[in-house]
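Next up, entry_31.pdb (PDB, C-alpha atoms and all ligand atoms):
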```
ATOM      1  CA  MET A 203       0.000   0.000   0.000
ATOM      2  CA  PHE A 204       1.265   3.456  -0.757
ATOM      3  CA  LEU A 205      -0.066   6.972  -1.217
ATOM      4  CA  LYS A 206      -0.670   7.809  -4.848
ATOM      5  CA  ARG A 207      -2.448  11.099  -4.841
ATOM      6  CA  LEU A 208      -3.941  13.794  -2.663
ATOM      7  CA  ASP A 209      -6.626  16.119  -4.038
ATOM      8  CA  VAL A 210      -7.609  19.126  -1.990
ATOM      9  CA  ALA A 211     -10.220  21.816  -2.676
ATOM     10  CA  GLY A 212     -11.507  24.492  -0.357
ATOM     11  CA  PHE A 213      -9.520  23.017   2.511
ATOM     12  CA  LYS A 214      -7.765  25.602   4.712
ATOM     13  CA  SER A 215      -5.466  27.747   2.543
ATOM     14  CA  PHE A 216      -6.195  25.717  -0.628
ATOM     15  CA  ALA A 217      -9.024  27.707  -2.199
ATOM     16  CA  ASP A 218      -8.250  26.330  -5.637
ATOM     17  CA  ALA A 219      -8.365  22.621  -6.259
ATOM     18  CA  ILE A 220      -4.878  21.144  -6.194
ATOM     19  CA  GLY A 221      -3.631  17.623  -6.768
ATOM     20  CA  ILE A 222      -0.383  16.199  -5.493
ATOM     21  CA  GLU A 223       0.985  13.089  -7.166
ATOM     22  CA  PHE A 224       3.286  11.036  -4.954
ATOM     23  CA  VAL A 225       6.028   9.385  -6.929
ATOM     24  CA  PRO A 226       8.114   6.489  -5.571
ATOM     25  CA  GLY A 227      10.752   7.651  -3.121
ATOM     26  CA  VAL A 228      10.671  10.475  -0.641
ATOM     27  CA  THR A 229       8.492  13.526  -1.167
ATOM     28  CA  ALA A 230       9.477  16.717   0.621
ATOM     29  CA  VAL A 231       7.213  19.730   0.844
ATOM     30  CA  VAL A 232       9.084  22.979   1.080
ATOM     31  CA  GLY A 233       7.914  26.578   1.238
ATOM     32  CA  PRO A 234       7.976  29.725   3.329
ATOM     33  CA  ASN A 235       6.299  29.961   6.733
ATOM     34  CA  GLY A 236       2.545  29.998   6.469
ATOM     35  CA  SER A 237       2.501  28.754   2.882
ATOM     36  CA  GLY A 238       0.439  25.670   3.726
ATOM     37  CA  LYS A 239       2.917  22.817   4.272
ATOM     38  CA  SER A 240       1.337  21.624   7.506
ATOM     39  CA  ASN A 241      -2.112  22.083   5.960
ATOM     40  CA  ILE A 242      -1.233  19.217   3.611
ATOM     41  CA  ALA A 243      -0.579  16.873   6.533
ATOM     42  CA  ASP A 244      -3.795  18.157   8.141
ATOM     43  CA  ALA A 245      -5.683  17.273   4.944
ATOM     44  CA  VAL A 246      -4.387  13.688   5.108
ATOM     45  CA  ARG A 247      -5.373  13.345   8.759
ATOM     46  CA  TRP A 248      -8.768  14.936   8.123
ATOM     47  CA  VAL A 249      -9.723  12.713   5.203
ATOM     48  CA  LEU A 250      -8.888   9.662   7.315
ATOM     49  CA  GLY A 251     -11.576  10.750   9.758
ATOM     50  CA  GLU A 252      -9.961  13.086  12.268
ATOM     51  CA  GLN A 253     -12.725  14.481  14.479
ATOM     52  CA  SER A 254     -10.752  16.832  16.663
ATOM     53  CA  ALA A 255     -10.675  20.384  15.309
ATOM     54  CA  LYS A 256      -7.974  21.169  17.831
ATOM     55  CA  SER A 257      -5.598  18.596  16.435
ATOM     56  CA  LEU A 258      -6.168  20.211  13.034
ATOM     57  CA  ARG A 259      -5.166  23.503  14.630
ATOM     58  CA  GLY A 260      -8.655  25.000  14.553
ATOM     59  CA  ALA A 261     -11.321  25.819  17.123
ATOM     60  CA  LYS A 262     -14.238  24.211  15.317
ATOM     61  CA  MET A 263     -14.501  21.902  12.309
ATOM     62  CA  GLU A 264     -15.770  24.756  10.114
ATOM     63  CA  ASP A 265     -12.335  26.355  10.451
ATOM     64  CA  ILE A 266     -10.950  23.904   7.935
ATOM     65  CA  ILE A 267     -13.068  25.458   5.159
ATOM     66  CA  PHE A 268     -11.294  28.192   3.200
ATOM     67  CA  SER A 269     -12.213  31.351   5.103
ATOM     68  CA  GLY A 270     -11.394  33.875   2.386
ATOM     69  CA  SER A 271      -8.428  36.076   1.683
ATOM     70  CA  GLU A 272      -7.775  39.430   0.110
ATOM     71  CA  GLY A 273      -9.998  39.613  -2.941
ATOM     72  CA  ARG A 274     -11.292  36.113  -2.467
ATOM     73  CA  LYS A 275     -14.577  35.160  -0.865
ATOM     74  CA  PRO A 276     -14.844  32.370   1.691
ATOM     75  CA  LEU A 277     -15.967  29.013   0.340
ATOM     76  CA  ASN A 278     -18.824  26.893   1.629
ATOM     77  CA  VAL A 279     -17.384  23.454   1.147
ATOM     78  CA  ALA A 280     -14.068  21.686   1.675
ATOM     79  CA  GLU A 281     -13.177  18.408   0.046
ATOM     80  CA  VAL A 282     -10.172  16.121   0.272
ATOM     81  CA  THR A 283      -9.562  12.846  -1.564
ATOM     82  CA  LEU A 284      -6.715  10.499  -0.756
ATOM     83  CA  THR A 285      -5.914   7.830  -3.322
ATOM     84  CA  LEU A 286      -3.975   4.766  -2.272
ATOM     85  CA  ASP A 287      -2.422   1.977  -4.250
ATOM     86  CA  ASN A 288      -3.729  -1.297  -2.836
ATOM     87  CA  GLU A 289      -2.293  -3.794  -5.276
ATOM     88  CA  ASP A 290      -0.767  -5.726  -2.399
ATOM     89  CA  GLN A 291      -4.265  -5.923  -0.814
ATOM     90  CA  HIS A 292      -2.851  -4.493   2.397
ATOM     91  CA  LEU A 293      -6.243  -2.900   2.991
ATOM     92  CA  PRO A 294      -8.958  -5.557   3.218
ATOM     93  CA  LEU A 295     -10.932  -4.425   0.159
ATOM     94  CA  GLU A 296     -10.752  -6.093  -3.221
ATOM     95  CA  TYR A 297      -9.668  -3.043  -5.120
ATOM     96  CA  ASN A 298      -6.241  -2.274  -6.462
ATOM     97  CA  GLU A 299      -6.849   1.398  -5.925
ATOM     98  CA  ILE A 300      -8.791   2.895  -3.056
ATOM     99  CA  SER A 301      -9.903   6.476  -2.772
ATOM    100  CA  VAL A 302     -11.272   8.039   0.350
ATOM    101  CA  THR A 303     -13.143  11.330   0.165
ATOM    102  CA  ARG A 304     -14.410  13.586   2.900
ATOM    103  CA  ARG A 305     -16.524  16.649   2.273
ATOM    104  CA  VAL A 306     -17.829  19.166   4.771
ATOM    105  CA  TYR A 307     -20.232  22.056   4.269
ATOM    106  CA  ARG A 308     -20.463  25.232   6.296
ATOM    107  CA  SER A 309     -23.930  24.098   7.346
ATOM    108  CA  GLY A 310     -22.161  21.317   9.241
ATOM    109  CA  ASP A 311     -23.253  18.525   6.900
ATOM    110  CA  SER A 312     -20.509  16.140   6.027
ATOM    111  CA  GLU A 313     -20.003  13.189   3.743
ATOM    112  CA  TYR A 314     -17.567  10.328   3.446
ATOM    113  CA  LEU A 315     -17.006   8.320   0.297
ATOM    114  CA  LEU A 316     -15.068   5.144  -0.402
ATOM    115  CA  ASN A 317     -14.277   4.743  -4.103
ATOM    116  CA  LYS A 318     -16.893   7.442  -4.801
ATOM    117  CA  GLN A 319     -19.642   5.568  -2.933
ATOM    118  CA  GLN A 320     -21.131   7.195   0.135
ATOM    119  CA  CYS A 321     -20.172   5.451   3.322
ATOM    120  CA  ARG A 322     -20.037   6.016   7.057
ATOM    121  CA  LEU A 323     -17.122   7.382   9.008
ATOM    122  CA  LYS A 324     -17.045   4.010  10.753
ATOM    123  CA  ASP A 325     -16.345   2.260   7.438
ATOM    124  CA  ILE A 326     -13.285   4.412   6.919
ATOM    125  CA  VAL A 327     -12.052   4.061  10.485
ATOM    126  CA  ASP A 328     -12.523   0.268  10.332
ATOM    127  CA  LEU A 329     -10.819  -0.002   6.963
ATOM    128  CA  PHE A 330      -7.695   1.748   8.168
ATOM    129  CA  MET A 331      -7.562   0.388  11.688
ATOM    130  CA  ASP A 332      -4.340  -1.598  12.189
ATOM    131  CA  SER A 333      -3.247  -0.743   8.657
ATOM    132  CA  GLY A 334      -0.672   1.672   9.987
ATOM    133  CA  LEU A 335      -2.423   4.596   8.333
ATOM    134  CA  GLY A 336      -5.754   5.604   9.996
ATOM    135  CA  ARG A 337      -6.384   8.705  12.078
ATOM    136  CA  GLU A 338      -5.112   7.006  15.251
ATOM    137  CA  ALA A 339      -2.022   5.578  13.634
ATOM    138  CA  TYR A 340       1.478   6.871  13.845
ATOM    139  CA  SER A 341       2.107   7.333  10.175
ATOM    140  CA  ILE A 342       1.739  11.053  10.792
ATOM    141  CA  ILE A 343       4.008  12.292  13.531
ATOM    142  CA  GLY A 344       2.891  15.789  14.341
ATOM    143  CA  GLN A 345       4.857  18.388  16.234
ATOM    144  CA  GLY A 346       4.816  17.419  19.902
ATOM    145  CA  LYS A 347       3.913  13.784  19.221
ATOM    146  CA  ILE A 348       7.346  12.487  20.192
ATOM    147  CA  ASP A 349       7.134  14.286  23.547
ATOM    148  CA  GLU A 350       3.676  12.850  24.037
ATOM    149  CA  ILE A 351       4.901   9.312  23.422
ATOM    150  CA  LEU A 352       7.842   9.747  25.749
ATOM    151  CA  SER A 353       5.820  11.237  28.561
ATOM    152  CA  SER A 354       2.547   9.335  28.236
ATOM    153  CA  LYS A 355       1.314   6.766  30.703
ATOM    154  CA  ALA A 356       2.292   3.124  30.257
ATOM    155  CA  GLU A 357      -1.245   2.180  29.120
ATOM    156  CA  ASP A 358      -1.170   4.888  26.448
ATOM    157  CA  ARG A 359       2.204   3.695  25.241
ATOM    158  CA  ARG A 360       0.881   0.156  25.095
ATOM    159  CA  LYS A 361      -1.772   1.344  22.593
ATOM    160  CA  ILE A 362       0.982   2.441  20.252
ATOM    161  CA  PHE A 363       2.458  -1.053  20.239
ATOM    162  CA  GLU A 364      -0.963  -2.643  19.887
ATOM    163  CA  GLU A 365      -1.693  -0.537  16.846
ATOM    164  CA  ALA A 366       1.673  -1.492  15.391
ATOM    165  CA  ALA A 367       1.101  -5.177  16.170
ATOM    166  CA  GLY A 368      -2.340  -5.114  14.556
ATOM    167  CA  VAL A 369      -4.374  -6.149  17.601
ATOM    168  CA  LEU A 370      -6.138  -2.848  18.256
ATOM    169  CA  LYS A 371      -8.955  -3.794  15.889
ATOM    170  CA  TYR A 372      -9.831  -6.874  17.951
ATOM    171  CA  LYS A 373      -9.562  -5.024  21.242
ATOM    172  CA  THR A 374     -11.860  -2.269  19.968
ATOM    173  CA  ARG A 375     -14.426  -4.836  18.778
ATOM    174  CA  LYS A 376     -14.260  -6.708  22.089
ATOM    175  CA  HIS A 377     -14.751  -3.484  23.992
ATOM    176  CA  LYS A 378     -17.776  -2.549  21.847
ATOM    177  CA  ALA A 379     -19.292  -6.013  22.259
ATOM    178  CA  GLU A 380     -18.920  -5.780  26.022
ATOM    179  CA  GLN A 381     -20.749  -2.448  26.063
ATOM    180  CA  LYS A 382     -23.816  -3.907  24.364
TER     181      LYS A 382
HETATM  182  P1  LIG A 401       5.364  26.870   8.920
HETATM  183  O1  LIG A 401       6.596  26.831   8.075
HETATM  184  O2  LIG A 401       5.314  28.086   9.776
HETATM  185  O3  LIG A 401       5.120  25.596   9.690
HETATM  186  P2  LIG A 401       3.330  26.067   7.020
HETATM  187  O4  LIG A 401       3.798  26.101   5.615
HETATM  188  O5  LIG A 401       3.260  24.743   7.691
HETATM  189  O6  LIG A 401       4.139  27.105   7.892
HETATM  190  P3  LIG A 401       0.520  26.131   7.448
HETATM  191  O7  LIG A 401       0.415  26.104   8.930
HETATM  192  O8  LIG A 401       0.279  24.869   6.712
HETATM  193  O9  LIG A 401       1.901  26.745   7.027
HETATM  194  O10 LIG A 401      -0.475  27.205   6.840
HETATM  195  C1  LIG A 401      -0.893  28.279   7.585
HETATM  196  C2  LIG A 401      -1.684  29.183   6.675
HETATM  197  O11 LIG A 401      -2.940  28.573   6.355
HETATM  198  C3  LIG A 401      -1.961  30.504   7.346
HETATM  199  O12 LIG A 401      -1.600  31.522   6.434
HETATM  200  C4  LIG A 401      -3.450  30.482   7.555
HETATM  201  O13 LIG A 401      -4.022  31.732   7.409
HETATM  202  C5  LIG A 401      -3.910  29.568   6.447
HETATM  203  N1  LIG A 401      -5.204  28.975   6.776
HETATM  204  C6  LIG A 401      -5.488  28.081   7.756
HETATM  205  N2  LIG A 401      -6.806  27.800   7.783
HETATM  206  C7  LIG A 401      -7.354  28.540   6.781
HETATM  207  C8  LIG A 401      -8.682  28.707   6.290
HETATM  208  N3  LIG A 401      -9.733  28.063   6.818
HETATM  209  N4  LIG A 401      -8.892  29.552   5.262
HETATM  210  C9  LIG A 401      -7.840  30.220   4.704
HETATM  211  N5  LIG A 401      -6.584  30.105   5.117
HETATM  212  C10 LIG A 401      -6.332  29.285   6.128
HETATM  213 MG    MG A 402       4.055  23.989   9.494
END
```
Mind turning this structure into structure tokens?
Amino acid sequence: MFLKRLDVAGFKSFADAIGIEFVPGVTAVVGPNGSGKSNIADAVRWVLGEQSAKSLRGAKMEDIIFSGSEGRKPLNVAEVTLTLDNEDQHLPLEYNEISVTRRVYRSGDSEYLLNKQQCRLKDIVDLFMDSGLGREAYSIIGQGKIDEILSSKAEDRRKIFEEAAGVLKYKTRKHKAEQK
């Protein structure tokens, strides 16, 4: 599994639709302060189902919609699509390419799509759980994350290893079953 493409429109500073193609090897994003580098990582985390506006550096979810700039009106919708190569079937779906889309409107309505079909947030979270990618995974190491790992409680640290070992999915299901 690897990232193929990221399409962003109306998300944070990206008023115009942009597409980033990831080629094999390392991709570095460079640019002056405030040019939107971190917003790209935020877009990846958001499309994978991030629910915390704070971790996306906003106060409320609406803050991720382009809020206007000089000579440019605010937009009413933000959309991000992440396309992954799944030829190795790392994600348990029988598609060689998987795209995940999230859309949010200023009204608060939001939509998730898997390969252009509407789905629930839960479908996306389940699909990526234990894959090493999802919103809870450690494929995105944000500023401060290392400190958090070093200083967190033993139980919290254990979660990191469980995610890496691929057992978090079963623990989460067990926990949900016990609640019923
Ligand atoms: P640094 O090098 O300082 O880390 P960066 O390239 O990572 O900078 P970002 O934090 O990605 O920059 O981008 C910040 C910019 O995004 C700011 O100029 C901010 O105004 C803009 N921005 C954030 N949210 C929105 C929004 N909803 N609408 C318009 N612009 C936004
Ligand atoms: Mg930054």
Give the residues close to ligand LIG 401 (chain A), within 6 Å, counting all atoms listed in the file; write them as an NGL selection string. :A and (214-215 or 234-241 or 265-270)
How would you write, as a PyMOL selection string, the residues chosen by the PyMOL selection byres (((chain A and resi 321-327) around 12) and not hetatm) on this structure? chain A and resi 247-253+284+293-295+300-305+312-320+328-339+370-371+374
Quick check, in Å to one decimal: how far apart do atom CA of A:Arg259 and atom CA of A:Asp244 lie?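 Atom CA of A:Arg259 sits 8.5 Å away from atom CA of A:Asp244.
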Neighbour residues at most 10 Å from (-7.9, 28.4, -1.6) (all atoms listed in the file) as a list of chain:residue names: A:Val210, A:Ala211, A:Gly212, A:Phe213, A:Lys214, A:Ser215, A:Phe216, A:Ala217, A:Asp218, A:Ala219, A:Ile220, A:Ile267, A:Phe268, A:Ser269, A:Gly270, A:Ser271, A:Arg274, A:Lys275, A:Pro276, A:Leu277, A:Ala280
Selected residue of minimal separation from ligand MG 402 (chain A) among A:Gly221, A:Gly227, A:Gly344, A:Gly310, counting all atoms listed in the file: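 Using all atoms listed in the file, the shortest distance to ligand MG 402 (chain A) belongs to A:Gly344.
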So which one's closest to ligand MG 402 (chain A), A:Lys256, A:Ala243, A:Arg375, A:Asp290? Using only C-alpha atoms and all ligand atoms, please. A:Ala243
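Among A:Lys376, A:Met203, A:Ile242, A:Glu299, the residue with the shortest atom-to-atom distance to ligand MG 402 (chain A), counting only C-alpha atoms and all ligand atoms, is A:Ile242.
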How many Å separate atom CA of A:Ser354 from atom CA of A:Ser341? 18.2 Å
In the coordinate frame of the file, compute which residues have an atom within 6 Å of (-5.4, -1.3, -7.6) when using all atoms listed in the file, and state them as an MDAnalysis selection string. chainID A and resid 287:289 297:299
Let me make sure I understand: among A:Gly368, A:Gly273, A:Gly260, A:Gly233, which one has the smallest atom-to-atom distance to ligand MG 402 (chain A) if we use all atoms listed in the file? A:Gly233
